[in-house]
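Colleague: start_22.txt is reproduced in full below (compact mmCIF, C-alpha atoms).
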# COMPACT_ATOMS: atom_id res chain seq x y z
CA MET A 274 0.00 0.00 0.00
CA LEU A 275 1.31 3.42 -0.95
CA THR A 276 1.77 5.75 2.02
CA ARG A 277 3.03 9.29 2.00
CA THR A 278 6.51 9.78 3.45
CA PRO A 279 7.11 12.28 6.27
CA ILE A 280 8.81 15.49 5.19
CA PRO A 281 11.59 17.11 7.26
CA SER A 282 10.41 19.99 9.44
CA ASP A 283 13.72 21.59 10.36
CA ASP A 284 13.40 24.38 7.78
CA PRO A 285 9.86 25.22 6.56
CA ALA A 286 11.29 27.52 3.88
CA ARG A 287 12.65 24.44 2.08
CA VAL A 288 9.11 23.12 1.55
CA ASN A 289 7.21 24.60 -1.39
CA LEU A 290 3.56 24.47 -0.37
CA LEU A 291 2.57 25.52 -3.89
CA ASP A 292 3.92 22.28 -5.36
CA PRO A 293 1.08 19.74 -5.82
CA ALA A 294 3.59 16.86 -5.65
CA VAL A 295 4.62 17.89 -2.12
CA HIS A 296 1.07 17.26 -0.90
CA ARG A 297 0.63 14.13 -3.02
CA ASP A 298 3.82 12.40 -1.93
CA HIS A 299 4.46 13.58 1.61
CA ASP A 300 2.94 13.57 5.07
CA LEU A 301 3.35 17.18 6.26
CA SER A 302 2.26 16.55 9.87
CA ALA A 303 5.71 17.32 11.33
CA LEU A 304 5.93 20.57 9.35
CA TRP A 305 2.53 21.72 10.61
CA ARG A 306 3.44 20.86 14.21
CA ARG A 307 6.59 22.95 13.89
CA LEU A 308 4.73 25.92 12.41
CA ARG A 309 1.95 25.77 15.00
CA ALA A 310 4.52 25.72 17.80
CA GLY A 311 7.08 28.20 16.50
CA ALA A 312 5.72 30.23 13.56
CA PRO A 313 1.89 30.21 13.54
CA VAL A 314 1.90 33.33 11.33
CA TRP A 315 4.56 32.48 8.75
CA ARG A 316 5.56 34.10 5.50
CA HIS A 317 6.00 31.56 2.71
CA PRO A 318 8.75 32.77 0.36
CA PRO A 319 8.09 33.47 -3.34
CA ALA A 320 8.33 30.40 -5.59
CA GLY A 321 9.24 31.04 -9.21
CA ALA A 322 6.80 33.60 -10.60
CA ALA A 323 4.42 33.17 -7.64
CA PRO A 324 4.59 35.82 -4.91
CA GLY A 325 5.05 35.02 -1.23
CA PHE A 326 2.01 34.52 0.98
CA TRP A 327 1.08 34.24 4.65
CA VAL A 328 0.39 30.87 6.26
CA LEU A 329 -1.97 30.58 9.25
CA SER A 330 -1.73 27.17 10.91
CA LYS A 331 -3.44 27.52 14.33
CA HIS A 332 -7.11 26.63 14.74
CA GLY A 333 -7.98 29.88 16.53
CA ASP A 334 -6.27 32.10 13.96
CA VAL A 335 -7.86 30.25 11.06
CA MET A 336 -11.31 30.56 12.66
CA ALA A 337 -10.80 34.28 13.30
CA ALA A 338 -9.74 34.89 9.69
CA TYR A 339 -12.77 32.98 8.37
CA ARG A 340 -15.08 35.11 10.52
CA ASP A 341 -13.46 38.40 9.49
CA ALA A 342 -14.82 38.79 5.97
CA GLU A 343 -14.28 42.55 6.09
CA ARG A 344 -10.50 42.39 6.45
CA PHE A 345 -9.93 39.09 4.63
CA ARG A 346 -11.60 39.32 1.22
CA SER A 347 -12.55 36.57 -1.24
CA MET A 348 -13.11 38.55 -4.42
CA SER A 349 -9.65 37.80 -5.86
CA GLY A 350 -9.98 34.05 -5.30
CA ASN A 351 -10.08 31.47 -2.55
CA MET A 352 -7.14 29.21 -3.42
CA LEU A 353 -3.47 29.68 -4.13
CA GLY A 354 -3.75 28.57 -7.74
CA THR A 355 -5.82 31.63 -8.70
CA LEU A 356 -4.51 34.07 -6.09
CA THR A 357 -0.88 33.68 -7.15
CA ARG A 358 -1.82 34.09 -10.83
CA GLY A 359 -3.49 37.45 -10.33
CA GLY A 360 -7.04 36.62 -9.28
CA ASP A 361 -10.22 34.73 -10.13
CA SER A 362 -12.14 35.80 -13.24
CA ALA A 363 -15.39 34.76 -11.49
CA GLY A 364 -14.81 37.23 -8.64
CA GLY A 365 -18.02 39.04 -7.71
CA ARG A 366 -20.15 36.65 -9.75
CA MET A 367 -19.69 33.23 -8.09
CA LEU A 368 -20.67 32.83 -4.43
CA VAL A 369 -17.35 31.59 -3.04
CA VAL A 370 -15.44 34.53 -4.54
CA THR A 371 -17.92 37.28 -3.65
CA ASP A 372 -17.84 39.67 -0.68
CA GLY A 373 -20.04 42.07 1.25
CA ARG A 374 -23.72 42.68 0.61
CA ARG A 375 -23.66 40.93 -2.74
CA HIS A 376 -22.33 37.76 -1.09
CA THR A 377 -25.01 37.97 1.61
CA SER A 378 -27.80 38.41 -0.95
CA LEU A 379 -26.54 35.64 -3.27
CA ARG A 380 -26.01 33.24 -0.36
CA ARG A 381 -29.51 33.91 0.97
CA LEU A 382 -30.95 33.02 -2.43
CA MET A 383 -28.90 29.84 -2.81
CA GLN A 384 -29.58 28.66 0.76
CA THR A 385 -33.22 28.19 -0.19
CA GLY A 386 -32.11 25.30 -2.40
CA PHE A 387 -30.60 23.57 0.64
CA GLY A 388 -33.66 23.82 2.87
CA PRO A 389 -35.01 20.91 4.96
CA ARG A 390 -37.71 19.93 2.44
CA VAL A 391 -35.30 19.78 -0.49
CA LEU A 392 -32.55 18.04 1.44
CA GLY A 393 -35.06 15.56 2.85
CA VAL A 394 -35.97 14.42 -0.65
CA VAL A 395 -32.33 14.41 -1.78
CA GLY A 396 -31.30 12.55 1.38
CA ASP A 397 -33.77 9.74 0.69
CA TYR A 398 -32.41 9.51 -2.85
CA VAL A 399 -28.81 9.42 -1.56
CA GLU A 400 -29.59 6.52 0.78
CA ARG A 401 -31.15 4.47 -2.02
CA ALA A 402 -28.39 5.31 -4.49
CA THR A 403 -25.65 4.48 -1.98
CA ALA A 404 -27.20 1.12 -1.15
CA GLY A 405 -27.33 0.26 -4.86
CA VAL A 406 -23.79 1.41 -5.66
CA VAL A 407 -22.25 -0.41 -2.69
CA ALA A 408 -24.28 -3.56 -3.41
CA ALA A 409 -22.94 -3.59 -6.97
CA ALA A 410 -19.37 -3.15 -5.71
CA VAL A 411 -19.81 -5.97 -3.19
CA GLU A 412 -21.24 -8.20 -5.92
CA ARG A 413 -18.18 -7.58 -8.11
CA GLY A 414 -15.88 -8.19 -5.16
CA GLU A 415 -12.94 -6.11 -6.31
CA CYS A 416 -13.41 -2.47 -7.22
CA ASP A 417 -11.68 0.88 -7.19
CA PHE A 418 -13.62 2.46 -4.36
CA ALA A 419 -12.78 5.99 -5.51
CA GLU A 420 -13.99 5.39 -9.05
CA ASP A 421 -16.83 2.92 -8.55
CA VAL A 422 -18.42 4.21 -5.33
CA ALA A 423 -17.17 7.55 -4.01
CA SER A 424 -17.25 9.38 -7.34
CA VAL A 425 -20.76 8.20 -8.18
CA ILE A 426 -22.78 9.14 -5.09
CA PRO A 427 -22.05 12.90 -4.77
CA LEU A 428 -22.58 13.64 -8.45
CA ALA A 429 -25.83 11.71 -8.45
CA ALA A 430 -26.95 13.76 -5.44
CA ILE A 431 -26.07 17.03 -7.18
CA CYS A 432 -28.05 15.98 -10.26
CA GLU A 433 -31.01 15.41 -7.93
CA LEU A 434 -30.47 18.77 -6.21
CA LEU A 435 -30.33 20.59 -9.55
CA ASP A 436 -33.21 18.46 -10.90
CA VAL A 437 -31.30 17.39 -13.98
CA PRO A 438 -33.75 15.37 -16.12
CA VAL A 439 -33.27 11.65 -15.54
CA ALA A 440 -32.68 10.98 -19.24
CA ASP A 441 -29.75 13.47 -19.24
CA ARG A 442 -28.04 12.20 -16.10
CA PRO A 443 -25.78 9.46 -17.50
CA ARG A 444 -24.28 11.90 -20.01
CA ILE A 445 -23.99 14.76 -17.49
CA LEU A 446 -22.42 12.50 -14.88
CA GLY A 447 -19.83 11.33 -17.40
CA LEU A 448 -19.02 14.86 -18.54
CA THR A 449 -18.78 16.13 -14.97
CA ARG A 450 -16.38 13.39 -13.95
CA SER A 451 -14.19 14.19 -16.96
CA ALA A 452 -14.27 17.91 -16.19
CA LEU A 453 -13.37 17.40 -12.54
CA GLU A 454 -10.43 15.10 -13.22
CA THR A 455 -7.95 17.98 -13.47
CA GLU A 456 -9.95 20.85 -12.00
CA HIS A 457 -7.22 21.48 -9.41
CA GLY A 458 -4.41 19.52 -10.99
CA GLU A 459 -1.21 20.66 -12.62
CA GLN A 460 -2.46 20.65 -16.21
CA GLN A 461 -5.96 20.38 -17.59
CA SER A 462 -6.34 17.92 -20.47
CA LEU A 463 -8.12 18.78 -23.72
CA GLU A 464 -10.81 16.22 -22.87
CA SER A 465 -11.39 17.87 -19.51
CA ARG A 466 -11.66 21.36 -21.04
CA LEU A 467 -14.12 20.14 -23.66
CA ALA A 468 -16.21 18.39 -20.99
CA GLN A 469 -16.23 21.57 -18.90
CA SER A 470 -17.43 23.60 -21.89
CA GLU A 471 -20.21 21.11 -22.62
CA ILE A 472 -21.38 21.23 -19.01
CA LEU A 473 -21.49 25.03 -19.03
CA LEU A 474 -23.50 24.99 -22.27
CA TYR A 475 -25.86 22.37 -20.84
CA TYR A 476 -26.61 24.43 -17.72
CA THR A 477 -27.02 27.56 -19.86
CA ARG A 478 -29.82 25.80 -21.74
CA LEU A 479 -31.28 24.31 -18.55
CA ALA A 480 -31.33 27.72 -16.85
CA ALA A 481 -33.15 29.23 -19.83
CA GLU A 482 -35.78 26.49 -19.59
CA ARG A 483 -36.19 27.01 -15.84
CA ARG A 484 -36.68 30.76 -16.30
CA ASP A 485 -39.77 29.94 -18.36
CA SER A 486 -40.91 27.00 -16.25
CA PRO A 487 -39.31 27.14 -12.77
CA GLY A 488 -39.41 24.49 -10.09
CA ALA A 489 -38.05 24.25 -6.53
CA ASP A 490 -34.56 23.19 -7.60
CA ALA A 491 -31.33 25.19 -7.29
CA VAL A 492 -31.14 26.00 -11.02
CA SER A 493 -34.64 27.50 -10.93
CA LEU A 494 -33.78 29.56 -7.84
CA LEU A 495 -30.72 31.01 -9.53
CA ALA A 496 -32.48 31.57 -12.85
CA THR A 497 -35.50 33.39 -11.37
CA GLY A 498 -34.20 34.91 -8.13
CA LEU A 499 -33.00 38.43 -7.39
CA VAL A 500 -29.62 39.40 -5.94
CA GLU A 501 -29.45 43.00 -4.73
CA ASP A 502 -32.77 43.59 -6.46
CA ARG A 503 -31.70 42.42 -9.90
CA PRO A 504 -31.79 39.05 -11.67
CA LEU A 505 -28.57 37.15 -12.24
CA THR A 506 -27.10 37.12 -15.73
CA ALA A 507 -27.02 33.83 -17.62
CA GLU A 508 -23.28 33.65 -16.98
CA GLU A 509 -23.73 34.19 -13.23
CA VAL A 510 -26.34 31.43 -13.08
CA VAL A 511 -24.06 28.98 -14.87
CA LEU A 512 -21.00 29.89 -12.79
CA ASN A 513 -22.91 29.22 -9.58
CA CYS A 514 -24.35 25.97 -10.91
CA TYR A 515 -20.81 24.86 -11.73
CA ASN A 516 -19.67 25.93 -8.26
CA LEU A 517 -22.38 23.75 -6.72
CA ILE A 518 -21.21 20.80 -8.83
CA ILE A 519 -17.57 21.20 -7.80
CA GLY A 520 -18.29 21.90 -4.14
CA GLY A 521 -20.89 19.15 -3.96
CA ASP A 522 -18.57 16.57 -5.45
CA GLU A 523 -15.17 17.13 -3.92
CA THR A 524 -15.60 17.14 -0.15
CA ALA A 525 -17.86 14.10 -0.12
CA ARG A 526 -15.90 12.12 -2.72
CA LEU A 527 -12.51 12.66 -1.12
CA SER A 528 -13.73 12.19 2.46
CA MET A 529 -15.43 8.92 1.47
CA THR A 530 -12.36 7.44 -0.20
CA THR A 531 -9.73 8.75 2.21
CA GLY A 532 -12.03 7.91 5.12
CA LEU A 533 -12.26 4.29 3.97
CA LEU A 534 -8.46 4.17 3.71
CA ALA A 535 -8.27 5.46 7.29
CA LEU A 536 -10.62 2.69 8.44
CA ILE A 537 -8.50 0.09 6.63
CA GLU A 538 -5.41 1.42 8.39
CA HIS A 539 -7.17 1.57 11.77
CA GLU A 540 -8.78 -1.85 12.07
CA GLY A 541 -9.79 -1.25 15.67
CA GLU A 542 -11.90 1.74 14.69
CA TRP A 543 -13.51 -0.21 11.83
CA ASP A 544 -14.43 -2.91 14.36
CA ARG A 545 -15.91 -0.29 16.71
CA LEU A 546 -17.96 1.14 13.84
CA VAL A 547 -19.28 -2.26 12.74
CA SER A 548 -20.14 -3.30 16.29
CA GLY A 549 -21.99 -0.06 16.97
CA GLU A 550 -19.62 0.99 19.76
CA ALA A 551 -18.85 4.09 17.66
CA GLY A 552 -21.97 5.72 16.23
CA VAL A 553 -22.20 6.78 12.60
CA PRO A 554 -22.97 10.50 13.21
CA GLN A 555 -19.82 10.98 15.32
CA ALA A 556 -17.79 8.85 12.90
CA VAL A 557 -18.84 11.18 10.08
CA GLU A 558 -17.47 14.19 11.95
CA GLU A 559 -14.18 12.47 12.78
CA ILE A 560 -13.64 11.29 9.21
CA LEU A 561 -14.27 14.83 8.00
CA ARG A 562 -11.65 16.11 10.48
CA TRP A 563 -9.18 13.35 9.64
CA THR A 564 -9.43 13.67 5.87
CA THR A 565 -9.82 17.49 5.56
CA PRO A 566 -10.43 17.54 1.78
CA ALA A 567 -9.84 21.30 1.38
CA ILE A 568 -6.19 21.71 2.40
CA HIS A 569 -6.29 25.49 2.53
CA VAL A 570 -8.50 28.46 1.74
CA GLY A 571 -7.09 31.76 0.53
CA ARG A 572 -7.97 35.39 1.07
CA VAL A 573 -6.45 38.83 0.42
CA ALA A 574 -5.93 41.28 3.28
CA ALA A 575 -8.07 44.38 2.69
CA THR A 576 -6.11 46.39 5.25
CA ASP A 577 -3.11 45.93 7.53
CA VAL A 578 -4.05 43.14 9.96
CA PRO A 579 -2.11 42.38 13.18
CA ILE A 580 -2.02 38.72 14.23
CA ARG A 581 0.10 37.48 17.15
CA GLY A 582 2.38 40.49 16.99
CA THR A 583 2.91 40.23 13.22
CA THR A 584 1.30 42.72 10.84
CA ILE A 585 0.01 41.35 7.55
CA PRO A 586 0.14 44.22 5.04
CA ALA A 587 -2.88 45.20 2.98
CA GLY A 588 -2.91 43.45 -0.40
CA ASP A 589 -1.01 40.36 0.77
CA ILE A 590 -2.30 36.84 0.17
CA VAL A 591 -3.33 35.06 3.38
CA THR A 592 -3.92 31.30 3.51
CA MET A 593 -5.79 29.40 6.23
CA TRP A 594 -4.58 25.81 6.40
CA ASN A 595 -7.49 23.62 7.45
CA VAL A 596 -5.28 20.54 7.34
CA SER A 597 -3.16 22.00 10.15
CA ALA A 598 -5.98 23.59 12.16
CA ASN A 599 -7.79 20.24 12.29
CA ARG A 600 -4.77 18.71 14.07
CA ASP A 601 -4.16 21.59 16.52
CA GLU A 602 -3.08 20.20 19.89
CA ASP A 603 -4.70 23.13 21.69
CA VAL A 604 -8.13 22.10 20.40
CA PHE A 605 -8.04 18.32 19.82
CA ASP A 606 -6.92 15.68 22.30
CA ARG A 607 -4.58 13.18 20.59
CA PRO A 608 -5.10 14.95 17.24
CA ASP A 609 -3.00 12.48 15.23
CA GLU A 610 -5.22 9.55 16.21
CA LEU A 611 -8.43 8.51 14.47
CA ILE A 612 -11.08 8.35 17.22
CA LEU A 613 -14.50 7.77 15.65
CA ASP A 614 -16.47 8.81 18.72
CA ARG A 615 -14.38 11.94 19.36
CA SER A 616 -16.30 14.55 21.33
CA PRO A 617 -16.19 17.46 21.13
CA ASN A 618 -15.03 17.72 17.54
CA ARG A 619 -14.60 21.35 16.45
CA HIS A 620 -13.20 20.60 13.01
CA ILE A 621 -13.30 23.31 10.35
CA THR A 622 -13.42 21.09 7.30
CA PHE A 623 -16.27 23.19 5.88
CA GLY A 624 -14.78 26.53 6.85
CA HIS A 625 -16.43 28.94 9.24
CA GLY A 626 -18.28 32.24 9.28
CA PRO A 627 -19.98 33.93 6.29
CA HIS A 628 -18.46 31.52 3.76
CA PHE A 629 -19.31 28.31 5.65
CA CYS A 630 -19.92 25.63 3.01
CA LEU A 631 -23.53 25.62 1.77
CA GLY A 632 -23.35 21.90 1.03
CA ALA A 633 -21.98 20.81 4.41
CA HIS A 634 -25.18 19.08 5.48
CA LEU A 635 -25.52 17.27 2.15
CA ALA A 636 -21.91 16.05 2.34
CA LYS A 637 -22.60 14.66 5.82
CA VAL A 638 -25.76 12.93 4.55
CA GLU A 639 -23.71 11.26 1.81
CA LEU A 640 -20.91 10.17 4.14
CA ARG A 641 -23.42 8.91 6.71
CA ALA A 642 -25.20 6.86 4.04
CA MET A 643 -21.91 5.33 2.93
CA LEU A 644 -20.77 4.40 6.45
CA THR A 645 -24.18 2.99 7.34
CA THR A 646 -24.31 0.88 4.18
CA LEU A 647 -20.76 -0.43 4.65
CA ARG A 648 -21.44 -1.29 8.28
CA GLU A 649 -24.57 -3.22 7.37
CA SER A 650 -23.37 -5.07 4.28
CA VAL A 651 -19.57 -5.39 4.37
CA ALA A 652 -17.68 -7.73 6.68
CA ALA A 653 -14.19 -6.57 5.73
CA VAL A 654 -12.37 -4.25 3.33
CA VAL A 655 -9.14 -5.68 1.92
CA PRO A 656 -6.65 -3.57 -0.11
CA SER A 657 -6.01 -5.06 -3.55
CA GLY A 658 -3.62 -2.60 -5.20
CA PRO A 659 -1.60 0.60 -4.77
CA VAL A 660 -3.21 3.72 -3.38
CA ARG A 661 -2.84 6.86 -5.50
CA TRP A 662 -3.09 10.27 -3.83
CA LEU A 663 -4.38 13.34 -5.63
CA SER A 664 -1.76 15.77 -6.93
CA SER A 665 -3.03 19.14 -5.72
CA ASN A 666 -2.10 21.93 -3.33
CA PHE A 667 -5.80 22.64 -2.69
CA LEU A 668 -7.49 19.25 -2.39
CA ASN A 669 -6.37 16.47 -0.09
CA GLY A 670 -7.28 12.86 -0.65
CA VAL A 671 -7.07 9.56 -2.43
CA GLU A 672 -8.07 9.35 -6.09
CA SER A 673 -7.59 5.57 -6.49
CA LEU A 674 -8.25 2.92 -3.84
CA PRO A 675 -8.46 -0.67 -5.16
CA VAL A 676 -10.16 -2.91 -2.59
CA VAL A 677 -12.10 -6.12 -2.18
CA LEU A 678 -15.38 -5.63 -0.31
CA LYS A 679 -16.16 -8.90 1.46
CA PRO A 680 -19.89 -9.29 2.05
CA LYS A 681 -21.41 -10.10 5.40
CA ALA A 682 -22.82 -13.58 5.68
CA ARG A 683 -26.58 -13.60 5.26
CA GLU A 684 -28.55 -14.69 8.27
CA ALA A 685 -30.56 -17.85 7.85
CA ALA A 686 -34.28 -17.27 7.54
Go ahead and render the structure in this file as structure tokens.

Modeller:
Amino acid sequence: MLTRTPIPSDDPARVNLLDPAVHRDHDLSALWRRLRAGAPVWRHPPAGAAPGFWVLSKHGDVMAAYRDAERFRSMSGNMLGTLTRGGDSAGGRMLVVTDGRRHTSLRRLMQTGFGPRVLGVVGDYVERATAGVVAAAVERGECDFAEDVASVIPLAAICELLDVPVADRPRILGLTRSALETEHGEQQSLESRLAQSEILLYYTRLAAERRDSPGADAVSLLATGLVEDRPLTAEEVVLNCYNLIIGGDETARLSMTTGLLALIEHEGEWDRLVSGEAGVPQAVEEILRWTTPAIHVGRVAATDVPIRGTTIPAGDIVTMWNVSANRDEDVFDRPDELILDRSPNRHITFGHGPHFCLGAHLAKVELRAMLTTLRESVAAVVPSGPVRWLSSNFLNGVESLPVVLKPKAREAA
């Protein structure tokens, strides 16, 4: 089984956090411990053409920065890939890279699509879909859990949330998976770019249809709603649909796959889950903390900001490292251990404050359905090939996990 090798922590400046391969190939736990202890507000040096940026590694500092949307702005982008290249072209039009009153108004509109009634229907669908996908994987015996299970469930749920017509779903699911393959990777393939273009065109047409005949789905809300007393443009509707697809897929998919790897590597915790000693709701929270799919989130300082005696100048890039904050010794007891019934569990996997992830509840529904189904139908999970980690400085997780799912023996009637 492929595991990531520890990286030396004696000199943080020797580690290029912009390099996707660093995160793919190495366990950075020692580096984060060193920064939390000795340099919680650290200036990462420039790397090639990319400017330097500030690194916040303590849970409390990361939380405070998330809350302070006035001094830490999102308009220029929310990840290093766009921030270090001059900004995000969707700034001010897509929810995650919008600030101030416009962000508040757009978020209020989009939250309607994640209300209890909608999520109740989607949740029922997720449970049925998960049971079917896992049953098929168990029947085959060997599968790539990332490809055959974890990549299917979240995208199916998003299609349900957006009310994509059933006849269109196989094609849209295929295109979306192709488009997402290199969304945060080092180089986007031609196939991925073409798939992305087709998806944007599809949702442009769907939004036009929903303007004329709206429903209760998220596309209809965006197509017919008002933000700061004006309707969204067609481009704004499509950008936010695409944002929902990306956000709805990544956290759940990566936490499912990397969470299963964690359970394989911690047999005692798998046994506690199967026996019921560790409950599924708490296990969901701990797997979200342990896996932390979004490694960092970026902002730009709108003014000079003092933190722990260091002043971050206005205009500088500031990064909040969730992957470090979720292992902060000041907040979590035995943070480097997987403890499925951990309580309390103040992880910040979904961020915090005004930009707290809209799809957090849906991601938990999906992860809960997966854990429940595995506990009920799978006796053991056996690795059957090398694990491949994602190459990204923004997303953390496993993109290939070959396993054999051994079914539980059926009880005699």

Colleague: Between atom CA of A:Gly521 and atom CA of A:His376, what is the distance in Å, rounded to a tenth?

Modeller: 18.9 Å

Colleague: What's around stretch 425-431 of chain A at 8 Å? Count all atoms listed in the file, leave out sequence neighbours fewer than 2 positions away in its own chain, and write the answer as a VMD selection string.

Modeller: chain A and resid 395 398 to 399 402 to 403 406 420 to 423 433 to 435 442 446 449 517 to 518 521 to 522 525 to 526 636 639

Colleague: Can I get the selection written as a PDB file, in the coordinates of the input, with C-alpha atoms?

Modeller:
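So selection_37.pdb came out as:
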ATOM      1  CA  VAL A 395     -32.330  14.410  -1.780  1.00  0.00           C
ATOM      2  CA  TYR A 398     -32.410   9.510  -2.850  1.00  0.00           C
ATOM      3  CA  VAL A 399     -28.810   9.420  -1.560  1.00  0.00           C
ATOM      4  CA  ALA A 402     -28.390   5.310  -4.490  1.00  0.00           C
ATOM      5  CA  THR A 403     -25.650   4.480  -1.980  1.00  0.00           C
ATOM      6  CA  VAL A 406     -23.790   1.410  -5.660  1.00  0.00           C
ATOM      7  CA  GLU A 420     -13.990   5.390  -9.050  1.00  0.00           C
ATOM      8  CA  ASP A 421     -16.830   2.920  -8.550  1.00  0.00           C
ATOM      9  CA  VAL A 422     -18.420   4.210  -5.330  1.00  0.00           C
ATOM     10  CA  ALA A 423     -17.170   7.550  -4.010  1.00  0.00           C
ATOM     11  CA  GLU A 433     -31.010  15.410  -7.930  1.00  0.00           C
ATOM     12  CA  LEU A 434     -30.470  18.770  -6.210  1.00  0.00           C
ATOM     13  CA  LEU A 435     -30.330  20.590  -9.550  1.00  0.00           C
ATOM     14  CA  ARG A 442     -28.040  12.200 -16.100  1.00  0.00           C
ATOM     15  CA  LEU A 446     -22.420  12.500 -14.880  1.00  0.00           C
ATOM     16  CA  THR A 449     -18.780  16.130 -14.970  1.00  0.00           C
ATOM     17  CA  LEU A 517     -22.380  23.750  -6.720  1.00  0.00           C
ATOM     18  CA  ILE A 518     -21.210  20.800  -8.830  1.00  0.00           C
ATOM     19  CA  GLY A 521     -20.890  19.150  -3.960  1.00  0.00           C
ATOM     20  CA  ASP A 522     -18.570  16.570  -5.450  1.00  0.00           C
ATOM     21  CA  ALA A 525     -17.860  14.100  -0.120  1.00  0.00           C
ATOM     22  CA  ARG A 526     -15.900  12.120  -2.720  1.00  0.00           C
ATOM     23  CA  ALA A 636     -21.910  16.050   2.340  1.00  0.00           C
ATOM     24  CA  GLU A 639     -23.710  11.260   1.810  1.00  0.00           C
TER      25      GLU A 639
END

Colleague: Name all residues at most 12 Å from A:Pro319 (count all atoms listed in the file; drop same-chain ones fewer than 4 positions away) and give them as an mmCIF file with C-alpha atoms, in the frame of the given file.

Modeller:
data_model
loop_
_atom_site.group_PDB
_atom_site.id
_atom_site.type_symbol
_atom_site.label_atom_id
_atom_site.label_comp_id
_atom_site.auth_asym_id
_atom_site.auth_seq_id
_atom_site.Cartn_x
_atom_site.Cartn_y
_atom_site.Cartn_z
ATOM 1 C CA ALA A 286 11.290 27.520 3.880
ATOM 2 C CA ARG A 287 12.650 24.440 2.080
ATOM 3 C CA VAL A 288 9.110 23.120 1.550
ATOM 4 C CA ASN A 289 7.210 24.600 -1.390
ATOM 5 C CA LEU A 290 3.560 24.470 -0.370
ATOM 6 C CA LEU A 291 2.570 25.520 -3.890
ATOM 7 C CA ALA A 323 4.420 33.170 -7.640
ATOM 8 C CA PRO A 324 4.590 35.820 -4.910
ATOM 9 C CA GLY A 325 5.050 35.020 -1.230
ATOM 10 C CA PHE A 326 2.010 34.520 0.980
ATOM 11 C CA TRP A 327 1.080 34.240 4.650
ATOM 12 C CA THR A 357 -0.880 33.680 -7.150
ATOM 13 C CA ILE A 590 -2.300 36.840 0.170
#

Colleague: Grab the atom CA of A:Val407 to atom CA of A:Ser528 distance for me, in Å with one decimal place.

Modeller: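 Interatomic distance here is 16.1 Å.
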
Colleague: How many Å separate atom CA of A:Glu482 from atom CA of A:Val511?

Modeller: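 About the pair atom CA of A:Glu482 and atom CA of A:Val511: they are 12.9 Å apart.
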
Colleague: Restricting the calculation to all atoms listed in the file, which member of A:Gly388, A:Gly364, A:Pro680, A:Pro279 is positioned closest to A:Asn351?

Modeller: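 Ranking A:Gly388, A:Gly364, A:Pro680, A:Pro279 by distance to A:Asn351, first place goes to A:Gly364.
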
Colleague: Could you name the residues that touch stretch 329-342 of chain A at 9 Å or less, counting all atoms listed in the file, but leaving out those on the same chain fewer than 5 positions away, as a VMD selection string?

Modeller: chain A and resid 305 to 306 308 to 310 312 to 315 347 372 to 373 572 580 to 581 591 to 601 603 to 604 620 to 621 624 to 629

Colleague: In the coordinate frame of the file, compute which residues have an atom within 9 Å of (-26.7, 13.9, 2.8) when using only C-alpha atoms, and state them as a list in words.

Modeller: Leu392, Gly393, Val395, Gly396, Asp397, Val399, Glu400, Pro427, Ala430, Gly632, Ala633, His634, Leu635, Ala636, Lys637, Val638, Glu639, Leu640, Arg641 and Ala642 of chain A

Colleague: Could you give me, as a list in words, the residues within 9 Å of A:Val553, counting only C-alpha atoms and dropping anything in the same chain fewer than 4 positions from it?

Modeller: Leu546, Gly549, Val557, Glu558, Leu613, Asp614, Arg641, Leu644 and Thr645 of chain A

Colleague: Let me see the file: selected residues, C-alpha atoms, as an mmCIF file, in the frame of the given file.

Modeller:
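Okay, again19.cif is ready:
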data_model
loop_
_atom_site.group_PDB
_atom_site.id
_atom_site.type_symbol
_atom_site.label_atom_id
_atom_site.label_comp_id
_atom_site.auth_asym_id
_atom_site.auth_seq_id
_atom_site.Cartn_x
_atom_site.Cartn_y
_atom_site.Cartn_z
ATOM 1 C CA LEU A 546 -17.960 1.140 13.840
ATOM 2 C CA GLY A 549 -21.990 -0.060 16.970
ATOM 3 C CA VAL A 557 -18.840 11.180 10.080
ATOM 4 C CA GLU A 558 -17.470 14.190 11.950
ATOM 5 C CA LEU A 613 -14.500 7.770 15.650
ATOM 6 C CA ASP A 614 -16.470 8.810 18.720
ATOM 7 C CA ARG A 641 -23.420 8.910 6.710
ATOM 8 C CA LEU A 644 -20.770 4.400 6.450
ATOM 9 C CA THR A 645 -24.180 2.990 7.340
#

Colleague: Kindly indicate which residue among A:Pro566, A:Gly488, A:Gly447, A:Pro675 lies nearest to A:Gly532, using only C-alpha atoms for the distances.

Modeller: A:Pro566

Colleague: Got a sec: who's within 10 Å of A:Glu471, counting only C-alpha atoms, leaving out chain neighbours fewer than 5 positions off, as a list in words?

Modeller: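 Counting only the stated atoms, we get Ile445, Leu448, Thr449, Ala452, Ser465, Arg466, Tyr476 and Thr477 of chain A.
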
Colleague: I'd like to know which of A:Glu523, A:Glu550, A:Asp284, A:Asp589 is closest to A:Ser424, using all atoms listed in the file.

Modeller: A:Glu523

Colleague: Give as an MDAnalysis selection string every residue, naming chains and numbers as the document does, that has an atom within 9 Å of (-15.5, 32.8, -13.8), counting only C-alpha atoms.

Modeller: chainID A and resid 361:364 366:367 508:509 512

Colleague: Of the candidates A:Val660, A:Val651, A:Leu368, A:Ala567, which one gets nearest to A:Val510 if we count all atoms listed in the file?

Modeller: A:Leu368
